[in-house]
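Engineer: Have a look at this one before I ask anything.
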Amino acid sequence: MNTLRAIGAEALKLTSTRLWWVLALVMFIYVGFTSGLIGLLFGGLGEALGETGQTPAIPDEMLPPIVYSIATSIGYVFPVILGALATTSEVRHQTLTPTFLATPKRGAVLAGKIVALGGFGALFGVIALIASIGLGAAMLAIGGFDLGLADSDNWALAGRAVIAMALWAIIGVGLGALIPSQVAAIVVVVAFTQFVEPILRTAASVWEWAGEVGRFLPGAASDALVGASFYGAIGMGTATPLEWWQGGLVLLGIALLTTVVGYFTTWRRDVT
Amino acid sequence: MATSTTIEFRGLTKSFGSVHAVSDLSFTVEPGQVTGFLGPNGAGKTTTLRMLLGLVRPTSGTATFGGVAYRDLASPFETVGTALEASSFHPGRSARGHLAVYAAAAGIRKSRIDEALRLVGLETFADRRVGGYSLGMRQRLGLAFALLGDPRVLVLDEPVNGLDPEGIRWIRTFMREMASQGRTVLVSSHLLSEVQQSVDRLVIISRGRLMYEGTLAGLDTGSRVVVDAPDRDALEAALVQAGADVHVAGGALTVAGLSSAEVGAIAHRADVPLSQLAAENNRLEAAFLEIVGDTGLGGEAERA
Ligand SMILES: Nc1ncnc2c1ncn2[C@@H]1O[C@H](COP(=O)(O)OP(=O)(O)OP(=O)(O)O)[C@@H](O)[C@H]1O
Ligand SMILES: [Mg+2]
């Protein structure tokens with residue numbers, strides 16, 4: 001009962017401020033622009049450039065999944081930020097006080113956040129896919145490619161992308177619980193996703209032993225879950241990525257770990 | 001409003017590291033009355049109330065509502081309404097949105113949101129984002145939050161802060177009305193004069209310790225009358241002869257234990273014309289300051 005109400009309240013918290021749709025809009029533009037650009041580069045122009053050997057040759061049937069999965073391979077940072085802000089803004093604006101007054105069982109509040117943010121993460125997944133499939137397919141169409149829209153594999157990929165985005169939002173909740181300072185949490189998210197992990201993944205593609213470890217990096221696991229990746233296509237990936245379900249379990253594990261550790265370290269602290 | 005509820009503090013203690021914010025506090029707050037919870041800045045009022053509400057974990061001791069801890073209440077908002085001093089609002093959310101979130105979390109029906117907004121006079125600003133609210137409007141929103149569940153107990157931390165005179169009058173009447181309906185009202189302040197007109201009982205703490213618990217009248221250590229005459233010596237002699245306790249203070253005489261009417265009658269009988277006769281009216285505040293130690297931040301918590 002407590003948790004059910006907490007889920008509803010957490011969803012209301014999200015819809016009653018502008019943050020979620022501003023983030024969703026930025027994500028839509030960013031993902032749409034990138035997908036369109038990649039579709040154009042590898043598709044439309046790739047034909048011409050391919051003859052001069054300037055771009056890596058990608059088999060035609062591989063192109064649509066790579067372009068469509070840009071929804072997650074670059075869009076995943078948005079649900080993480082949404083989730084992290086959902087927890088850290090409570091600390092920043094001191095709304096933990098009314099929140100814990102309304103729901104004194106703090107575990108129920110965190111559970112409510114996980115479910116509500118999981119839902120919003122999935123919604124972000126759908127929005128990002130509309131952008132990547134919409135603009136990506138349009139550009140591929142210009143190049144005269146098969147868009148793969150009749151291919152059930154591509155729709156399965158889209159489904160897994162939605163799951164990945166939901167898990168990323170939950171990871172954000174856990175990170176926010178772990179690092180209650182809003183600025184610190186956002187710096188960690190951006191630094192890790194935009195610098196640390198790309199560098200590590202590049203390093204992982206150089207040495208074999210590093211590749212074994214690198215497969216378990218959250219971004220690599222996410223790509224494995226979705227099943228296709230722009231990074232993989234341009235040679236930044238690992239030799240043998242995880243199975244899609246293994247990637248899903250790694251993400252789920254990270255989500256659970258951050259949330260549980262956050263609960264025991266900061267979530268139960270005195271609210272003064 | 002079903003049954004009434006008392007608030008019970010038993011040996012409540014809280015240390016933040018080496019700071020003893022609250023030390024072995026025990027007292028009971030009864031329904032049907034307004035109880036003032038007084039102490040200077042840093043005395044431990046907010047810490048005590050936050051322990052009562054399950055927001056701060058006590059080092060030892062308990063604070064309960066008729067024996068039930070806040071976190072174990074079946075329906076917290078219908079039992080206790082809370083307005084704490086910190087303005088805990090997301091600036092990007094409207095007042096209505098703010099109340100809707102917590103009503104949903106606490107299982108309070110939606111129609112109560114508008115009722116609460118109307119009760120505190122915020123209905124015309126309800127859809128404006130809270131970031132643009134004045135301090136007084138935030139205080140009112142805090143009160144609307146407290147009233148969401150039509151609670152049997154009200155816990156208010158410095159609710160008068162930032163309110164205009166009309167708002168102060170309103171909240172005084174409001175607290176009295178709540179108490180007269182049989183509800184329990186606990187209101188904190190660092191100024192006695194702020195709550196003097198509206199409280200029935202007082203609990204005074206200083207440095208985290210209980211200094212006084214009792215009625216407002218009991219705080220008065222006896223009335224004093226300030227009196228003077230052109231012939232001060234004759235007046236003093238007459239008063240002493242009548243058995244009064246007389247002191248010379250501040251260029252006048254202070255008489256303890258007699259009313260101003262009695263002092264006037266004594267002077268009249270002795271045929272001494274008076275130049276001044278007044279009951280000292282700051283006794284309560286003076287007694288309060290005496291209790292808490294009238295030295296700047298006298299109430300600051302003890303350090304180990
Ligand atoms: N989170 C905290 N960490 C360390 N010390 C704290 C913390 N919260 C409160 N204190 C200390 O505990 C003491 C009591 O503070 P509290 O806020 O309860 O006083 P108060 O009576 O509400 O004062 P005021 O009238 O200023 O609101 C103070 O010395 C304060 O510095
Ligand atoms: Mg205080």
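Every chain in the structure tokens has a letter given in the order shown (A, B, ...), and although residue numbers restart at 1 in each chain, ligands are simply numbered from 1 in the order shown.
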Could you list, as a PyMOL selection string, all protein and nucleic acid residues with an atom at most 9 Å from ligand 1, counting only C-alpha atoms and all ligand atoms?
Structural biologist: (chain A and resi 270-272) or (chain B and resi 14-22+38-50+56+85+157-158+188-191+205-208+299-303)
Engineer: Run DSSP on the backbone of this structure and report the residues of range 77-114 of chain B it assigns to strand (DSSP E), as a VMD selection string.
Structural biologist: chain B and resid 80 to 83
Engineer: Residues of chain B within 8 Å of chain A, counting only C-alpha atoms, what are they? List them as a count of residues only.
Structural biologist: 29
Engineer: If you count only C-alpha atoms, which residues fall within 10 Å of Gly219 in chain A, apart from same-chain ones fewer than 4 positions away, as a PyMOL selection string?
Structural biologist: chain A and resi 72-74+76-77+168+192-193+197-198+201+214-215+223-225+231+247+251
Engineer: Just the selected residues (N, CA and C atoms), exported as a PDB file, in the first residue's frame, please.
Structural biologist:
ATOM      1  N   THR A  72      19.969   4.312 -27.681  1.00  0.00           N
ATOM      2  CA  THR A  72      20.548   3.976 -26.381  1.00  0.00           C
ATOM      3  C   THR A  72      22.047   4.263 -26.326  1.00  0.00           C
ATOM      4  N   SER A  73      22.776   4.001 -27.423  1.00  0.00           N
ATOM      5  CA  SER A  73      24.234   4.091 -27.314  1.00  0.00           C
ATOM      6  C   SER A  73      24.684   5.525 -27.021  1.00  0.00           C
ATOM      7  N   ILE A  74      23.920   6.522 -27.440  1.00  0.00           N
ATOM      8  CA  ILE A  74      24.261   7.870 -26.963  1.00  0.00           C
ATOM      9  C   ILE A  74      23.150   8.486 -26.110  1.00  0.00           C
ATOM     10  N   TYR A  76      21.498   7.088 -23.622  1.00  0.00           N
ATOM     11  CA  TYR A  76      21.303   6.514 -22.277  1.00  0.00           C
ATOM     12  C   TYR A  76      21.626   7.484 -21.154  1.00  0.00           C
ATOM     13  N   VAL A  77      22.419   8.507 -21.426  1.00  0.00           N
ATOM     14  CA  VAL A  77      22.781   9.433 -20.358  1.00  0.00           C
ATOM     15  C   VAL A  77      21.560  10.232 -19.869  1.00  0.00           C
ATOM     16  N   TRP A 168      18.638   2.145 -17.022  1.00  0.00           N
ATOM     17  CA  TRP A 168      19.525   3.304 -16.845  1.00  0.00           C
ATOM     18  C   TRP A 168      18.907   4.343 -15.906  1.00  0.00           C
ATOM     19  N   PHE A 192      31.717  10.116 -16.267  1.00  0.00           N
ATOM     20  CA  PHE A 192      31.864   8.684 -16.505  1.00  0.00           C
ATOM     21  C   PHE A 192      31.357   8.283 -17.882  1.00  0.00           C
ATOM     22  N   THR A 193      30.142   8.775 -18.225  1.00  0.00           N
ATOM     23  CA  THR A 193      29.563   8.312 -19.489  1.00  0.00           C
ATOM     24  C   THR A 193      30.246   8.943 -20.701  1.00  0.00           C
ATOM     25  N   GLU A 197      34.247   6.102 -19.521  1.00  0.00           N
ATOM     26  CA  GLU A 197      33.910   4.834 -20.159  1.00  0.00           C
ATOM     27  C   GLU A 197      34.361   4.759 -21.624  1.00  0.00           C
ATOM     28  N   PRO A 198      34.171   5.794 -22.453  1.00  0.00           N
ATOM     29  CA  PRO A 198      34.699   5.707 -23.827  1.00  0.00           C
ATOM     30  C   PRO A 198      36.202   5.425 -23.860  1.00  0.00           C
ATOM     31  N   ARG A 201      36.768   1.875 -22.854  1.00  0.00           N
ATOM     32  CA  ARG A 201      36.357   0.938 -23.908  1.00  0.00           C
ATOM     33  C   ARG A 201      37.347   0.942 -25.054  1.00  0.00           C
ATOM     34  N   GLY A 214      36.388  -5.177 -19.862  1.00  0.00           N
ATOM     35  CA  GLY A 214      35.647  -4.091 -20.486  1.00  0.00           C
ATOM     36  C   GLY A 214      34.241  -4.470 -20.885  1.00  0.00           C
ATOM     37  N   ARG A 215      34.023  -5.774 -21.123  1.00  0.00           N
ATOM     38  CA  ARG A 215      32.674  -6.202 -21.485  1.00  0.00           C
ATOM     39  C   ARG A 215      31.672  -5.889 -20.393  1.00  0.00           C
ATOM     40  N   ASP A 223      25.057  -1.862 -24.484  1.00  0.00           N
ATOM     41  CA  ASP A 223      25.120  -2.160 -25.908  1.00  0.00           C
ATOM     42  C   ASP A 223      24.862  -3.636 -26.170  1.00  0.00           C
ATOM     43  N   ALA A 224      25.411  -4.472 -25.274  1.00  0.00           N
ATOM     44  CA  ALA A 224      25.195  -5.908 -25.427  1.00  0.00           C
ATOM     45  C   ALA A 224      23.720  -6.242 -25.281  1.00  0.00           C
ATOM     46  N   LEU A 225      23.066  -5.596 -24.289  1.00  0.00           N
ATOM     47  CA  LEU A 225      21.633  -5.836 -24.081  1.00  0.00           C
ATOM     48  C   LEU A 225      20.837  -5.442 -25.324  1.00  0.00           C
ATOM     49  N   TYR A 231      29.357   2.103 -31.320  1.00  0.00           N
ATOM     50  CA  TYR A 231      30.738   1.951 -30.867  1.00  0.00           C
ATOM     51  C   TYR A 231      31.340   0.674 -31.430  1.00  0.00           C
ATOM     52  N   GLY A 247      24.130  -8.876 -20.663  1.00  0.00           N
ATOM     53  CA  GLY A 247      24.229  -7.415 -20.573  1.00  0.00           C
ATOM     54  C   GLY A 247      23.117  -6.851 -19.698  1.00  0.00           C
ATOM     55  N   LEU A 251      23.469  -4.688 -16.135  1.00  0.00           N
ATOM     56  CA  LEU A 251      22.809  -3.400 -15.858  1.00  0.00           C
ATOM     57  C   LEU A 251      21.918  -3.487 -14.630  1.00  0.00           C
TER      58      LEU A 251
END
Engineer: Could you write out, as a PyMOL selection string, all the residues of range 6-193 of chain B that DSSP marks as helix (DSSP H, G or I)?
Structural biologist: chain B and resi 45-52+70-72+76-79+95-106+111-119+123-125+130-132+135-147+165-180+192-193
Engineer: Might you pull out every residue within 10 Å of Leu192 in chain B, with only C-alpha atoms counted and same-chain residues fewer than 2 positions away left off, and present them as a ChimeraX atom specification?
Structural biologist: /B:36-40,188-190,194-197,199,202,204,216,284-289
Engineer: What would the file look like if the residues just selected were written as an mmCIF file, in the first residue's frame with N, CA and C atoms?
Structural biologist:
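Output file again_12.cif is given in full below:
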data_model
loop_
_atom_site.group_PDB
_atom_site.id
_atom_site.type_symbol
_atom_site.label_atom_id
_atom_site.label_comp_id
_atom_site.auth_asym_id
_atom_site.auth_seq_id
_atom_site.Cartn_x
_atom_site.Cartn_y
_atom_site.Cartn_z
ATOM 1 N N GLY B 36 3.054 25.822 23.985
ATOM 2 C CA GLY B 36 4.178 26.540 23.397
ATOM 3 C C GLY B 36 5.464 25.810 23.733
ATOM 4 N N PHE B 37 6.330 25.652 22.728
ATOM 5 C CA PHE B 37 7.604 24.964 22.925
ATOM 6 C C PHE B 37 8.689 26.013 22.694
ATOM 7 N N LEU B 38 9.225 26.506 23.792
ATOM 8 C CA LEU B 38 10.075 27.687 23.692
ATOM 9 C C LEU B 38 11.522 27.403 24.016
ATOM 10 N N GLY B 39 12.376 28.189 23.443
ATOM 11 C CA GLY B 39 13.802 28.102 23.728
ATOM 12 C C GLY B 39 14.529 29.031 22.787
ATOM 13 N N PRO B 40 15.678 29.539 23.196
ATOM 14 C CA PRO B 40 16.420 30.443 22.316
ATOM 15 C C PRO B 40 16.976 29.704 21.101
ATOM 16 N N SER B 188 6.326 25.767 18.307
ATOM 17 C CA SER B 188 7.608 26.230 18.832
ATOM 18 C C SER B 188 7.842 27.688 18.479
ATOM 19 N N SER B 189 8.667 28.334 19.274
ATOM 20 C CA SER B 189 9.047 29.711 19.014
ATOM 21 C C SER B 189 10.271 30.032 19.855
ATOM 22 N N HIS B 190 11.046 31.024 19.418
ATOM 23 C CA HIS B 190 12.130 31.440 20.296
ATOM 24 C C HIS B 190 11.773 32.722 21.035
ATOM 25 N N GLU B 194 5.709 36.050 21.035
ATOM 26 C CA GLU B 194 5.048 35.593 19.813
ATOM 27 C C GLU B 194 3.873 34.665 20.091
ATOM 28 N N VAL B 195 4.017 33.872 21.151
ATOM 29 C CA VAL B 195 2.991 32.862 21.400
ATOM 30 C C VAL B 195 2.175 33.138 22.664
ATOM 31 N N GLN B 196 2.646 34.134 23.427
ATOM 32 C CA GLN B 196 2.033 34.451 24.708
ATOM 33 C C GLN B 196 0.503 34.493 24.660
ATOM 34 N N GLN B 197 -0.034 35.128 23.617
ATOM 35 C CA GLN B 197 -1.489 35.305 23.566
ATOM 36 C C GLN B 197 -2.230 34.030 23.194
ATOM 37 N N VAL B 199 -1.054 30.551 23.799
ATOM 38 C CA VAL B 199 -0.766 29.253 24.407
ATOM 39 C C VAL B 199 -1.397 29.115 25.793
ATOM 40 N N LEU B 202 3.243 25.936 28.613
ATOM 41 C CA LEU B 202 4.570 26.228 28.086
ATOM 42 C C LEU B 202 5.527 25.108 28.419
ATOM 43 N N ILE B 204 9.646 25.008 28.204
ATOM 44 C CA ILE B 204 10.811 25.826 27.861
ATOM 45 C C ILE B 204 12.058 24.967 27.932
ATOM 46 N N LEU B 216 1.170 29.208 31.620
ATOM 47 C CA LEU B 216 1.732 30.523 31.349
ATOM 48 C C LEU B 216 1.763 31.340 32.647
ATOM 49 N N LEU B 284 6.653 38.310 32.091
ATOM 50 C CA LEU B 284 6.739 36.987 31.482
ATOM 51 C C LEU B 284 8.017 36.856 30.663
ATOM 52 N N GLU B 285 8.244 37.855 29.814
ATOM 53 C CA GLU B 285 9.436 37.824 28.979
ATOM 54 C C GLU B 285 10.685 37.794 29.857
ATOM 55 N N ALA B 286 10.650 38.601 30.965
ATOM 56 C CA ALA B 286 11.805 38.642 31.860
ATOM 57 C C ALA B 286 12.031 37.280 32.515
ATOM 58 N N ALA B 287 10.927 36.656 32.939
ATOM 59 C CA ALA B 287 11.050 35.348 33.573
ATOM 60 C C ALA B 287 11.589 34.325 32.575
ATOM 61 N N PHE B 288 11.126 34.432 31.338
ATOM 62 C CA PHE B 288 11.577 33.540 30.284
ATOM 63 C C PHE B 288 13.079 33.693 30.068
ATOM 64 N N LEU B 289 13.520 34.934 29.977
ATOM 65 C CA LEU B 289 14.937 35.182 29.744
ATOM 66 C C LEU B 289 15.770 34.699 30.935
#
Engineer: Which residues are near Gly167 in chain B? Cut-off 12 Å, only C-alpha atoms, ignore same chain within fewer than 3 positions. Put them as a PyMOL selection string.
Structural biologist: chain B and resi 120-121+135-137+139-140+143+159-164+170-174
Engineer: With all heavy atoms retained, export the selected residues as a compact mmCIF listing (two decimals), in the first residue's frame.
Structural biologist:
# COMPACT_ATOMS: atom_id res chain seq x y z
N VAL B 120 -5.88 28.33 4.12
CA VAL B 120 -4.75 29.23 4.39
C VAL B 120 -4.76 30.45 3.47
O VAL B 120 -3.83 31.26 3.49
CB VAL B 120 -3.39 28.50 4.26
CG1 VAL B 120 -3.33 27.33 5.22
CG2 VAL B 120 -3.16 28.03 2.83
N GLY B 121 -5.79 30.57 2.64
CA GLY B 121 -5.92 31.75 1.78
C GLY B 121 -4.94 31.79 0.63
O GLY B 121 -4.46 32.84 0.24
N LEU B 135 8.03 34.84 1.52
CA LEU B 135 8.21 34.02 2.72
C LEU B 135 6.88 33.70 3.39
O LEU B 135 6.61 32.57 3.79
CB LEU B 135 9.15 34.75 3.69
CG LEU B 135 9.48 34.02 5.00
CD1 LEU B 135 10.08 32.65 4.74
CD2 LEU B 135 10.44 34.86 5.83
N GLY B 136 6.02 34.73 3.47
CA GLY B 136 4.72 34.52 4.10
C GLY B 136 3.87 33.52 3.34
O GLY B 136 3.17 32.69 3.95
N MET B 137 3.93 33.56 2.00
CA MET B 137 3.15 32.60 1.21
C MET B 137 3.70 31.19 1.39
O MET B 137 2.94 30.22 1.43
CB MET B 137 3.19 33.00 -0.27
CG MET B 137 2.33 34.23 -0.57
SD MET B 137 2.81 35.01 -2.14
CE MET B 137 2.05 33.94 -3.33
N GLN B 139 5.09 30.10 4.14
CA GLN B 139 4.62 29.67 5.46
C GLN B 139 3.18 29.16 5.35
O GLN B 139 2.82 28.16 5.96
CB GLN B 139 4.67 30.83 6.46
CG GLN B 139 6.07 31.15 6.96
CD GLN B 139 6.57 30.13 7.98
OE1 GLN B 139 6.21 28.97 7.94
NE2 GLN B 139 7.43 30.58 8.87
N ARG B 140 2.37 29.87 4.58
CA ARG B 140 0.98 29.45 4.42
C ARG B 140 0.89 28.12 3.70
O ARG B 140 0.07 27.26 4.05
CB ARG B 140 0.19 30.50 3.64
CG ARG B 140 -0.13 31.73 4.49
CD ARG B 140 -0.62 32.87 3.62
NE ARG B 140 -0.64 34.12 4.38
CZ ARG B 140 -1.76 34.64 4.89
NH1 ARG B 140 -2.90 34.03 4.72
NH2 ARG B 140 -1.70 35.76 5.58
N LEU B 143 1.57 25.47 6.07
CA LEU B 143 0.40 25.19 6.90
C LEU B 143 -0.64 24.37 6.14
O LEU B 143 -1.25 23.46 6.69
CB LEU B 143 -0.23 26.50 7.37
CG LEU B 143 0.44 27.12 8.58
CD1 LEU B 143 -0.15 28.50 8.85
CD2 LEU B 143 0.26 26.24 9.81
N PRO B 159 5.90 28.86 13.20
CA PRO B 159 5.00 29.18 12.08
C PRO B 159 4.81 30.67 11.87
O PRO B 159 4.34 31.09 10.82
CB PRO B 159 3.68 28.51 12.49
CG PRO B 159 3.71 28.52 13.97
CD PRO B 159 5.16 28.36 14.37
N VAL B 160 5.17 31.47 12.85
CA VAL B 160 4.90 32.90 12.79
C VAL B 160 5.95 33.63 11.95
O VAL B 160 5.69 34.68 11.39
CB VAL B 160 4.83 33.47 14.23
CG1 VAL B 160 4.66 34.97 14.21
CG2 VAL B 160 3.69 32.81 14.99
N ASN B 161 7.14 33.02 11.83
CA ASN B 161 8.22 33.62 11.04
C ASN B 161 7.75 34.08 9.67
O ASN B 161 7.22 33.29 8.90
CB ASN B 161 9.34 32.59 10.80
CG ASN B 161 10.36 32.62 11.92
OD1 ASN B 161 10.24 33.44 12.83
ND2 ASN B 161 11.33 31.75 11.84
N GLY B 162 7.98 35.33 9.35
CA GLY B 162 7.70 35.81 8.00
C GLY B 162 6.26 36.17 7.73
O GLY B 162 5.94 36.57 6.62
N LEU B 163 5.38 35.99 8.72
CA LEU B 163 3.98 36.36 8.50
C LEU B 163 3.77 37.84 8.83
O LEU B 163 4.41 38.39 9.72
CB LEU B 163 3.06 35.51 9.37
CG LEU B 163 2.91 34.04 8.99
CD1 LEU B 163 1.89 33.37 9.89
CD2 LEU B 163 2.47 33.91 7.53
N ASP B 164 2.87 38.46 8.10
CA ASP B 164 2.52 39.85 8.39
C ASP B 164 1.56 39.87 9.59
O ASP B 164 1.06 38.82 10.01
CB ASP B 164 1.91 40.52 7.16
CG ASP B 164 0.77 39.72 6.57
OD1 ASP B 164 0.19 38.90 7.30
OD2 ASP B 164 0.48 39.89 5.38
N TRP B 170 -4.15 35.74 12.32
CA TRP B 170 -4.88 34.61 11.77
C TRP B 170 -4.39 33.29 12.38
O TRP B 170 -5.19 32.45 12.81
CB TRP B 170 -4.71 34.58 10.24
CG TRP B 170 -5.34 33.37 9.65
CD1 TRP B 170 -6.67 33.20 9.36
CD2 TRP B 170 -4.69 32.15 9.31
NE1 TRP B 170 -6.87 31.94 8.86
CE2 TRP B 170 -5.68 31.28 8.82
CE3 TRP B 170 -3.36 31.71 9.38
CZ2 TRP B 170 -5.39 29.98 8.40
CZ3 TRP B 170 -3.07 30.43 8.95
CH2 TRP B 170 -4.08 29.57 8.47
N ILE B 171 -3.07 33.13 12.47
CA ILE B 171 -2.57 31.84 12.96
C ILE B 171 -2.86 31.66 14.45
O ILE B 171 -3.12 30.55 14.92
CB ILE B 171 -1.08 31.65 12.64
CG1 ILE B 171 -0.73 30.18 12.78
CG2 ILE B 171 -0.18 32.47 13.52
CD1 ILE B 171 0.57 29.81 12.16
N ARG B 172 -2.85 32.76 15.19
CA ARG B 172 -3.19 32.66 16.61
C ARG B 172 -4.62 32.16 16.79
O ARG B 172 -4.88 31.23 17.55
CB ARG B 172 -3.05 34.02 17.29
CG ARG B 172 -1.60 34.36 17.57
CD ARG B 172 -1.49 35.72 18.21
NE ARG B 172 -0.10 36.04 18.47
CZ ARG B 172 0.38 37.27 18.56
NH1 ARG B 172 -0.43 38.30 18.42
NH2 ARG B 172 1.66 37.47 18.80
N THR B 173 -5.54 32.80 16.08
CA THR B 173 -6.94 32.39 16.15
C THR B 173 -7.08 30.95 15.71
O THR B 173 -7.80 30.15 16.32
CB THR B 173 -7.80 33.28 15.22
OG1 THR B 173 -7.27 34.60 15.26
CG2 THR B 173 -9.23 33.27 15.62
N PHE B 174 -6.35 30.63 14.64
CA PHE B 174 -6.41 29.30 14.08
C PHE B 174 -5.98 28.24 15.10
O PHE B 174 -6.65 27.22 15.28
CB PHE B 174 -5.52 29.26 12.84
CG PHE B 174 -5.36 27.90 12.26
CD1 PHE B 174 -6.38 27.34 11.51
CD2 PHE B 174 -4.20 27.18 12.48
CE1 PHE B 174 -6.23 26.08 10.99
CE2 PHE B 174 -4.05 25.92 11.96
CZ PHE B 174 -5.07 25.36 11.22
Engineer: Could you pull the residues within 9 Å of Pro180 in chain A, counting only C-alpha atoms, minus those fewer than 3 positions along the same chain, as a ChimeraX atom specification?
Structural biologist: /A:84,87-92,175-177,183-185,262,266-267
Engineer: Just N, CA, C and O atoms for this one: save the residues we selected as a PDB file, in the first residue's frame.
Structural biologist:
ATOM      1  N   ALA A  84      18.960  10.458 -11.503  1.00  0.00           N
ATOM      2  CA  ALA A  84      19.837  11.051 -10.489  1.00  0.00           C
ATOM      3  C   ALA A  84      19.212  12.330  -9.935  1.00  0.00           C
ATOM      4  O   ALA A  84      19.243  12.580  -8.723  1.00  0.00           O
ATOM      5  N   THR A  87      16.448  11.854  -7.230  1.00  0.00           N
ATOM      6  CA  THR A  87      16.845  11.683  -5.829  1.00  0.00           C
ATOM      7  C   THR A  87      17.584  12.904  -5.299  1.00  0.00           C
ATOM      8  O   THR A  87      17.301  13.369  -4.205  1.00  0.00           O
ATOM      9  N   THR A  88      18.529  13.449  -6.084  1.00  0.00           N
ATOM     10  CA  THR A  88      19.334  14.544  -5.528  1.00  0.00           C
ATOM     11  C   THR A  88      18.529  15.832  -5.346  1.00  0.00           C
ATOM     12  O   THR A  88      18.826  16.620  -4.460  1.00  0.00           O
ATOM     13  N   SER A  89      17.493  16.057  -6.169  1.00  0.00           N
ATOM     14  CA  SER A  89      16.730  17.298  -5.998  1.00  0.00           C
ATOM     15  C   SER A  89      15.960  17.271  -4.681  1.00  0.00           C
ATOM     16  O   SER A  89      15.649  18.315  -4.119  1.00  0.00           O
ATOM     17  N   GLU A  90      15.659  16.098  -4.173  1.00  0.00           N
ATOM     18  CA  GLU A  90      14.987  16.000  -2.865  1.00  0.00           C
ATOM     19  C   GLU A  90      15.903  16.513  -1.762  1.00  0.00           C
ATOM     20  O   GLU A  90      15.453  17.145  -0.807  1.00  0.00           O
ATOM     21  N   VAL A  91      17.186  16.217  -1.917  1.00  0.00           N
ATOM     22  CA  VAL A  91      18.149  16.692  -0.925  1.00  0.00           C
ATOM     23  C   VAL A  91      18.354  18.196  -1.104  1.00  0.00           C
ATOM     24  O   VAL A  91      18.306  18.972  -0.161  1.00  0.00           O
ATOM     25  N   ARG A  92      18.527  18.595  -2.359  1.00  0.00           N
ATOM     26  CA  ARG A  92      18.818  19.994  -2.649  1.00  0.00           C
ATOM     27  C   ARG A  92      17.691  20.920  -2.196  1.00  0.00           C
ATOM     28  O   ARG A  92      17.934  21.967  -1.608  1.00  0.00           O
ATOM     29  N   LEU A 175      22.425   6.050  -8.122  1.00  0.00           N
ATOM     30  CA  LEU A 175      23.570   6.967  -8.045  1.00  0.00           C
ATOM     31  C   LEU A 175      23.233   8.190  -7.218  1.00  0.00           C
ATOM     32  O   LEU A 175      24.028   8.652  -6.404  1.00  0.00           O
ATOM     33  N   GLY A 176      22.019   8.710  -7.417  1.00  0.00           N
ATOM     34  CA  GLY A 176      21.586   9.877  -6.659  1.00  0.00           C
ATOM     35  C   GLY A 176      21.490   9.572  -5.176  1.00  0.00           C
ATOM     36  O   GLY A 176      21.810  10.422  -4.341  1.00  0.00           O
ATOM     37  N   ALA A 177      21.049   8.370  -4.844  1.00  0.00           N
ATOM     38  CA  ALA A 177      20.975   7.993  -3.431  1.00  0.00           C
ATOM     39  C   ALA A 177      22.376   7.843  -2.849  1.00  0.00           C
ATOM     40  O   ALA A 177      22.624   8.152  -1.688  1.00  0.00           O
ATOM     41  N   VAL A 183      25.260  18.434  -7.694  1.00  0.00           N
ATOM     42  CA  VAL A 183      26.363  18.795  -8.587  1.00  0.00           C
ATOM     43  C   VAL A 183      27.319  17.613  -8.732  1.00  0.00           C
ATOM     44  O   VAL A 183      27.689  17.219  -9.845  1.00  0.00           O
ATOM     45  N   ALA A 184      27.690  17.014  -7.605  1.00  0.00           N
ATOM     46  CA  ALA A 184      28.626  15.893  -7.646  1.00  0.00           C
ATOM     47  C   ALA A 184      28.051  14.742  -8.463  1.00  0.00           C
ATOM     48  O   ALA A 184      28.748  14.138  -9.291  1.00  0.00           O
ATOM     49  N   ALA A 185      26.763  14.449  -8.272  1.00  0.00           N
ATOM     50  CA  ALA A 185      26.150  13.327  -8.978  1.00  0.00           C
ATOM     51  C   ALA A 185      26.162  13.575 -10.486  1.00  0.00           C
ATOM     52  O   ALA A 185      26.495  12.673 -11.274  1.00  0.00           O
ATOM     53  N   GLY A 262      23.193   2.918  -1.682  1.00  0.00           N
ATOM     54  CA  GLY A 262      22.685   4.262  -1.409  1.00  0.00           C
ATOM     55  C   GLY A 262      21.697   4.252  -0.253  1.00  0.00           C
ATOM     56  O   GLY A 262      21.730   5.129   0.613  1.00  0.00           O
ATOM     57  N   THR A 266      23.234   6.639   2.694  1.00  0.00           N
ATOM     58  CA  THR A 266      22.750   8.014   2.838  1.00  0.00           C
ATOM     59  C   THR A 266      21.240   8.127   3.031  1.00  0.00           C
ATOM     60  O   THR A 266      20.765   9.057   3.667  1.00  0.00           O
ATOM     61  N   TRP A 267      20.474   7.189   2.484  1.00  0.00           N
ATOM     62  CA  TRP A 267      19.016   7.343   2.480  1.00  0.00           C
ATOM     63  C   TRP A 267      18.423   7.288   3.879  1.00  0.00           C
ATOM     64  O   TRP A 267      17.376   7.876   4.153  1.00  0.00           O
TER      65      TRP A 267
END
Engineer: Might you pull out every residue within 8 Å of Val246 in chain B, with only C-alpha atoms counted and same-chain residues fewer than 3 positions away left off, and present them as a list in words?
Structural biologist: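 Everything that qualifies: Glu236, Leu239, Val240, Leu253, Thr254, Val255 and Ala256 of chain B.
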Engineer: Write the residues you've just listed into a file as an mmCIF file, in the first residue's frame, and include C-alpha atoms for each of them.
Structural biologist:
data_model
loop_
_atom_site.group_PDB
_atom_site.id
_atom_site.type_symbol
_atom_site.label_atom_id
_atom_site.label_comp_id
_atom_site.auth_asym_id
_atom_site.auth_seq_id
_atom_site.Cartn_x
_atom_site.Cartn_y
_atom_site.Cartn_z
ATOM 1 C CA GLU B 236 8.905 53.910 50.771
ATOM 2 C CA LEU B 239 4.979 50.793 51.877
ATOM 3 C CA VAL B 240 7.461 49.156 54.220
ATOM 4 C CA LEU B 253 10.384 51.903 43.587
ATOM 5 C CA THR B 254 9.526 48.330 42.687
ATOM 6 C CA VAL B 255 7.029 46.549 44.863
ATOM 7 C CA ALA B 256 6.677 42.794 44.769
#
